[in-house]
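Just work.cif here, mmCIF, C-alpha atoms:
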data_final
loop_
_atom_site.label_atom_id
_atom_site.label_comp_id
_atom_site.auth_asym_id
_atom_site.auth_seq_id
_atom_site.Cartn_x
_atom_site.Cartn_y
_atom_site.Cartn_z
CA MET A 115 -106.61 -124.15 47.46
CA ALA A 116 -103.50 -125.20 49.37
CA LEU A 117 -100.25 -123.32 48.98
CA ASP A 118 -97.25 -125.27 47.75
CA LYS A 119 -94.71 -125.79 50.52
CA ASP A 120 -92.08 -124.02 48.39
CA MET A 121 -94.17 -120.84 48.14
CA ILE A 122 -92.60 -117.71 49.59
CA ILE A 123 -94.86 -116.15 52.21
CA PRO A 124 -94.55 -112.34 52.02
CA GLU A 125 -93.22 -110.81 55.22
CA HIS A 126 -95.54 -107.79 55.08
CA VAL A 127 -98.99 -107.75 53.48
CA ALA A 128 -101.00 -104.51 53.19
CA LEU A 129 -104.74 -104.51 52.56
CA ILE A 130 -107.23 -101.97 51.24
CA LEU A 131 -110.57 -103.18 52.57
CA ASP A 132 -112.90 -102.00 49.84
CA GLY A 133 -116.48 -102.97 49.10
CA ASN A 134 -118.24 -103.02 52.49
CA GLY A 135 -120.94 -100.60 51.32
CA ARG A 136 -121.49 -102.42 48.03
CA TRP A 137 -121.70 -105.74 49.86
CA ALA A 138 -124.47 -104.35 52.04
CA LYS A 139 -126.31 -102.69 49.14
CA LYS A 140 -126.40 -105.95 47.17
CA ARG A 141 -128.23 -107.49 50.12
CA GLY A 142 -130.57 -104.59 50.78
CA LEU A 143 -128.82 -103.81 54.08
CA PRO A 144 -127.62 -100.48 55.52
CA ARG A 145 -123.97 -99.59 54.86
CA THR A 146 -123.19 -100.00 58.56
CA MET A 147 -123.95 -103.71 58.28
CA GLY A 148 -121.33 -103.97 55.57
CA HIS A 149 -118.75 -102.35 57.86
CA LYS A 150 -119.72 -104.68 60.69
CA GLU A 151 -119.35 -107.74 58.48
CA GLY A 152 -116.05 -106.32 57.25
CA CYS A 153 -114.77 -106.30 60.84
CA VAL A 154 -115.58 -110.01 61.11
CA THR A 155 -113.51 -110.58 57.98
CA VAL A 156 -110.62 -108.59 59.48
CA GLU A 157 -110.66 -110.84 62.56
CA LYS A 158 -110.54 -113.99 60.43
CA THR A 159 -107.78 -112.54 58.24
CA VAL A 160 -105.62 -111.66 61.26
CA GLU A 161 -105.87 -115.21 62.58
CA LEU A 162 -105.20 -116.68 59.13
CA ALA A 163 -102.20 -114.42 58.47
CA ALA A 164 -100.72 -115.30 61.86
CA LYS A 165 -101.01 -119.02 61.12
CA MET A 166 -99.48 -118.59 57.64
CA GLY A 167 -96.36 -116.93 59.03
CA ILE A 168 -96.98 -113.41 57.71
CA ARG A 169 -95.04 -111.10 60.04
CA TYR A 170 -96.85 -107.80 59.36
CA LEU A 171 -100.43 -107.22 58.26
CA THR A 172 -101.47 -103.61 57.65
CA VAL A 173 -105.08 -102.65 56.95
CA TYR A 174 -106.64 -99.36 55.89
CA GLY A 175 -109.23 -98.92 58.62
CA PHE A 176 -110.28 -95.26 58.41
CA SER A 177 -108.78 -92.65 56.10
CA THR A 178 -108.41 -88.91 56.57
CA GLU A 179 -110.99 -88.56 53.77
CA ASN A 180 -113.56 -90.75 55.55
CA TRP A 181 -114.53 -87.81 57.78
CA LYS A 182 -116.34 -86.41 54.72
CA ARG A 183 -118.94 -89.16 54.90
CA SER A 184 -122.32 -88.46 56.49
CA ALA A 185 -122.34 -87.71 60.21
CA GLU A 186 -124.55 -90.77 60.69
CA GLU A 187 -122.11 -93.12 58.98
CA VAL A 188 -119.05 -91.63 60.71
CA GLY A 189 -120.82 -91.93 64.09
CA ALA A 190 -121.69 -95.56 63.39
CA LEU A 191 -118.09 -96.28 62.39
CA MET A 192 -116.82 -94.75 65.63
CA GLN A 193 -119.19 -96.93 67.66
CA LEU A 194 -118.08 -99.98 65.71
CA PHE A 195 -114.46 -99.03 66.32
CA ARG A 196 -115.10 -98.84 70.07
CA TYR A 197 -116.65 -102.30 70.05
CA TYR A 198 -113.99 -103.74 67.78
CA MET A 199 -111.07 -102.56 69.95
CA VAL A 200 -112.38 -104.71 72.82
CA ARG A 201 -112.72 -107.70 70.49
CA LEU A 202 -109.30 -107.11 69.01
CA LEU A 203 -107.60 -107.23 72.40
CA LYS A 204 -108.99 -110.74 72.94
CA ILE A 205 -107.99 -111.88 69.46
CA ALA A 206 -104.49 -110.45 69.84
CA SER A 207 -103.98 -112.18 73.19
CA ALA A 208 -105.20 -115.52 71.83
CA ASN A 209 -102.93 -115.37 68.76
CA ASN A 210 -99.78 -113.71 70.19
CA VAL A 211 -100.46 -110.67 67.96
CA ARG A 212 -98.95 -107.23 68.53
CA VAL A 213 -101.23 -104.33 67.58
CA LYS A 214 -100.00 -101.01 66.26
CA MET A 215 -102.00 -98.02 65.05
CA ILE A 216 -100.69 -95.57 62.45
CA GLY A 217 -102.21 -92.24 61.51
CA ASP A 218 -103.13 -89.10 63.45
CA ARG A 219 -105.18 -90.32 66.40
CA SER A 220 -105.56 -86.84 67.93
CA ARG A 221 -108.90 -86.19 66.17
CA PHE A 222 -110.68 -89.09 67.85
CA ASP A 223 -112.68 -88.83 71.08
CA ARG A 224 -110.70 -89.32 74.28
CA ASP A 225 -112.10 -92.80 75.00
CA ILE A 226 -111.07 -94.02 71.54
CA ILE A 227 -107.55 -92.62 71.97
CA GLU A 228 -107.32 -94.36 75.35
CA GLY A 229 -108.53 -97.58 73.75
CA ILE A 230 -105.87 -97.36 71.03
CA ASN A 231 -103.16 -96.69 73.62
CA ARG A 232 -104.33 -99.65 75.69
CA LEU A 233 -104.31 -101.98 72.69
CA GLU A 234 -100.73 -101.04 71.85
CA SER A 235 -99.56 -101.19 75.46
CA GLU A 236 -101.12 -104.54 76.35
CA THR A 237 -99.93 -106.30 73.19
CA ARG A 238 -96.46 -104.76 72.81
CA ASP A 239 -94.67 -107.83 74.20
CA ASN A 240 -96.42 -110.28 71.87
CA THR A 241 -93.95 -111.85 69.46
CA GLY A 242 -96.13 -113.10 66.61
CA LEU A 243 -97.81 -111.16 63.81
CA THR A 244 -97.74 -107.37 64.03
CA PHE A 245 -101.22 -106.17 63.08
CA VAL A 246 -101.14 -102.55 61.92
CA ILE A 247 -104.35 -100.53 61.59
CA ALA A 248 -104.26 -97.25 59.67
CA VAL A 249 -106.82 -94.96 61.35
CA ASN A 250 -107.36 -91.30 60.45
CA TYR A 251 -104.55 -92.09 58.05
CA GLY A 252 -103.58 -90.59 54.70
CA GLY A 253 -100.31 -91.12 52.88
CA ARG A 254 -99.86 -87.44 52.06
CA ASP A 255 -100.66 -86.44 55.63
CA GLU A 256 -98.13 -88.96 56.96
CA ILE A 257 -95.41 -87.56 54.69
CA ARG A 258 -96.36 -84.02 55.70
CA ARG A 259 -96.13 -84.87 59.39
CA ALA A 260 -92.81 -86.64 58.86
CA ALA A 261 -91.39 -83.66 56.94
CA ALA A 262 -92.54 -81.28 59.69
CA GLY A 263 -90.91 -83.43 62.36
CA LEU A 264 -87.67 -83.64 60.44
CA ALA A 265 -87.70 -79.88 59.83
CA ARG A 266 -88.15 -79.24 63.56
CA ASP A 267 -85.21 -81.49 64.38
CA CYS A 268 -83.06 -79.71 61.80
CA ILE A 269 -83.88 -76.36 63.43
CA LEU A 270 -83.01 -77.81 66.85
CA GLY A 271 -79.73 -79.19 65.53
CA LYS A 272 -80.80 -82.82 66.00
CA ALA A 273 -80.49 -83.49 62.25
CA GLU A 274 -78.45 -81.98 59.45
CA PRO A 275 -80.22 -81.18 56.14
CA ASP A 276 -77.23 -82.37 54.10
CA GLN A 277 -77.35 -85.75 55.83
CA VAL A 278 -81.03 -86.48 55.14
CA ASP A 279 -81.37 -89.69 53.15
CA GLU A 280 -84.26 -92.10 52.59
CA ALA A 281 -83.49 -94.11 55.72
CA LEU A 282 -83.49 -91.03 57.94
CA PHE A 283 -86.70 -89.69 56.42
CA ALA A 284 -88.39 -93.09 56.79
CA SER A 285 -87.57 -93.01 60.52
CA TYR A 286 -90.01 -90.09 60.86
CA LEU A 287 -92.88 -91.98 59.22
CA ASP A 288 -95.60 -93.76 61.20
CA THR A 289 -94.17 -97.08 59.99
CA ALA A 290 -90.66 -96.45 61.35
CA GLY A 291 -88.94 -99.72 62.17
CA MET A 292 -91.23 -101.78 59.95
CA PRO A 293 -90.33 -103.32 56.58
CA ASP A 294 -92.17 -101.92 53.55
CA PRO A 295 -95.05 -104.10 52.30
CA ASP A 296 -94.10 -106.91 49.93
CA LEU A 297 -97.69 -107.33 48.75
CA LEU A 298 -100.68 -105.00 48.56
CA ILE A 299 -104.12 -106.55 48.10
CA ARG A 300 -107.08 -104.36 47.17
CA THR A 301 -110.56 -105.81 47.11
CA SER A 302 -113.62 -104.81 45.02
CA GLY A 303 -111.68 -104.32 41.77
CA GLU A 304 -110.72 -100.66 42.19
CA LEU A 305 -107.40 -99.71 40.56
CA ARG A 306 -106.04 -96.92 42.76
CA LEU A 307 -103.97 -96.48 45.92
CA SER A 308 -106.44 -94.12 47.62
CA ASN A 309 -103.72 -92.17 49.45
CA TYR A 310 -102.47 -95.31 51.21
CA LEU A 311 -98.83 -95.87 52.23
CA LEU A 312 -97.56 -93.71 49.37
CA TRP A 313 -93.93 -93.81 50.51
CA GLN A 314 -93.91 -97.46 51.55
CA LEU A 315 -95.50 -98.95 48.42
CA ALA A 316 -92.75 -97.79 46.04
CA TYR A 317 -91.73 -101.36 45.10
CA THR A 318 -94.67 -103.36 46.45
CA GLU A 319 -96.35 -105.99 44.29
CA ILE A 320 -100.05 -105.12 43.82
CA VAL A 321 -102.86 -107.65 43.46
CA VAL A 322 -106.45 -106.49 42.83
CA THR A 323 -109.40 -108.82 43.30
CA ASP A 324 -113.06 -108.24 42.38
CA CYS A 325 -114.06 -109.88 45.66
CA LEU A 326 -115.83 -107.47 48.05
CA TRP A 327 -114.06 -107.23 51.40
CA PRO A 328 -116.69 -109.01 53.56
CA ASP A 329 -116.41 -112.02 51.19
CA PHE A 330 -112.59 -112.12 51.41
CA GLY A 331 -111.24 -115.34 52.87
CA GLN A 332 -108.45 -117.88 52.83
CA GLU A 333 -108.86 -118.74 49.15
CA GLU A 334 -108.53 -115.10 48.05
CA LEU A 335 -105.48 -114.55 50.27
CA GLU A 336 -103.81 -117.68 48.93
CA LYS A 337 -104.57 -116.66 45.32
CA ALA A 338 -102.86 -113.32 45.96
CA ILE A 339 -99.80 -115.06 47.43
CA VAL A 340 -99.64 -117.35 44.40
CA GLN A 341 -99.65 -114.27 42.14
CA TYR A 342 -96.97 -112.70 44.32
CA ASN A 343 -94.76 -115.74 43.83
CA LYS A 344 -95.09 -115.45 40.06
CA ARG A 345 -93.73 -111.88 40.04
CA GLU A 346 -90.09 -111.11 39.33
CA ARG A 347 -89.18 -108.59 42.01
CA ARG A 348 -86.45 -106.28 40.72
CA PHE A 349 -86.66 -103.21 42.99
CA GLY A 350 -85.80 -100.86 40.13
CA ALA A 351 -82.72 -102.76 39.05
CA VAL A 352 -81.99 -103.23 35.34
CA LYS A 353 -80.90 -106.66 34.19
#
Starting from the file, lay out its structure as structure tokens.
Amino acid sequence: MALDKDMIIPEHVALILDGNGRWAKKRGLPRTMGHKEGCVTVEKTVELAAKMGIRYLTVYGFSTENWKRSAEEVGALMQLFRYYMVRLLKIASANNVRVKMIGDRSRFDRDIIEGINRLESETRDNTGLTFVIAVNYGGRDEIRRAAAGLARDCILGKAEPDQVDEALFASYLDTAGMPDPDLLIRTSGELRLSNYLLWQLAYTEIVVTDCLWPDFGQEELEKAIVQYNKRERRFGAVK
């Protein structure tokens, strides 16, 4: 489908990439193949979002809870992440994309941390889409870390407790300086936030599709944007 020229393109789209394992199971493949195919879909979605004029695209890459998966699957995901970071640098350069990682990267192996730092450093001057990957990320953990940072600054006299408002607190979050998502898309039909961007999604429009993430493409993204345009965004106001 083609979007009407009068459609409003959301500035910030967040994605929960669900269904990689189910996609693989349906085809009699190991779960790791689903994750690999999901990375291909991420690449295509980044390029598509950049062409559509979306300014921020945030994806849930690896949650704080994902460490509970089997050692084999976690190990395979780490290897895939290493490979994907090299691919992503090429994609970002070709599409003028700036890459940013959110979450607590300290738990990763040194080479992965260095890869993340390199991605951010080498793409920081790109002026197109900002592609945000949430890795070792959890919404509650982000809020906890932000609260701890703010508390430390209050003790040091850098902030006053009586002057803490939403804007100041938000400046301690991983997403500081970014607009909150206008649209959240979750694939595979699940109806939950899964500890994702809990602060930032307060007034975000949510679209759920039964499509499994590896099958997500331009048509599904455009359908979500059409739904977004049909919503009356009120941000808590009473008319």
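Among the candidates A:Thr244, A:Thr178, A:Asn250, A:Asn343, the residue lying nearest to Ile123 in chain A is A:Asn343 (atoms considered: all atoms listed in the file).
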Find the residues around range 257-268 of chain A up to 7 Å (all atoms listed in the file counted), leave out those fewer than 6 positions away in its own chain, and share them as a list in words.
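My list of contacting residues is Glu274, Pro275, Tyr286 and Leu287 of chain A.
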Here's the selection I'm unsure about, the PyMOL selection byres ((chain A and resi 150) around 12); applied to the file above, which residues does it give, as a ChimeraX atom specification?
/A:134-135,137-138,143-149,151-157,187,190-198,327-328
Give as a count of residues only the set of residues within 10 Å of the point (-96.2, -96.7, 63.8), where distances use the file's coordinates and only C-alpha atoms.
16
Measure the distance from CA of Trp181 in chain A to CA of Tyr251 in chain A in Å and round it to one decimal.
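Value for the CA of Trp181 in chain A-CA of Tyr251 in chain A distance: 10.9 Å.
Considering the residues A:Asp223, A:Glu186, A:Glu304, A:Glu228 and counting all atoms listed in the file, Val200 in chain A has its shortest atom-to-atom contact with A:Glu228.
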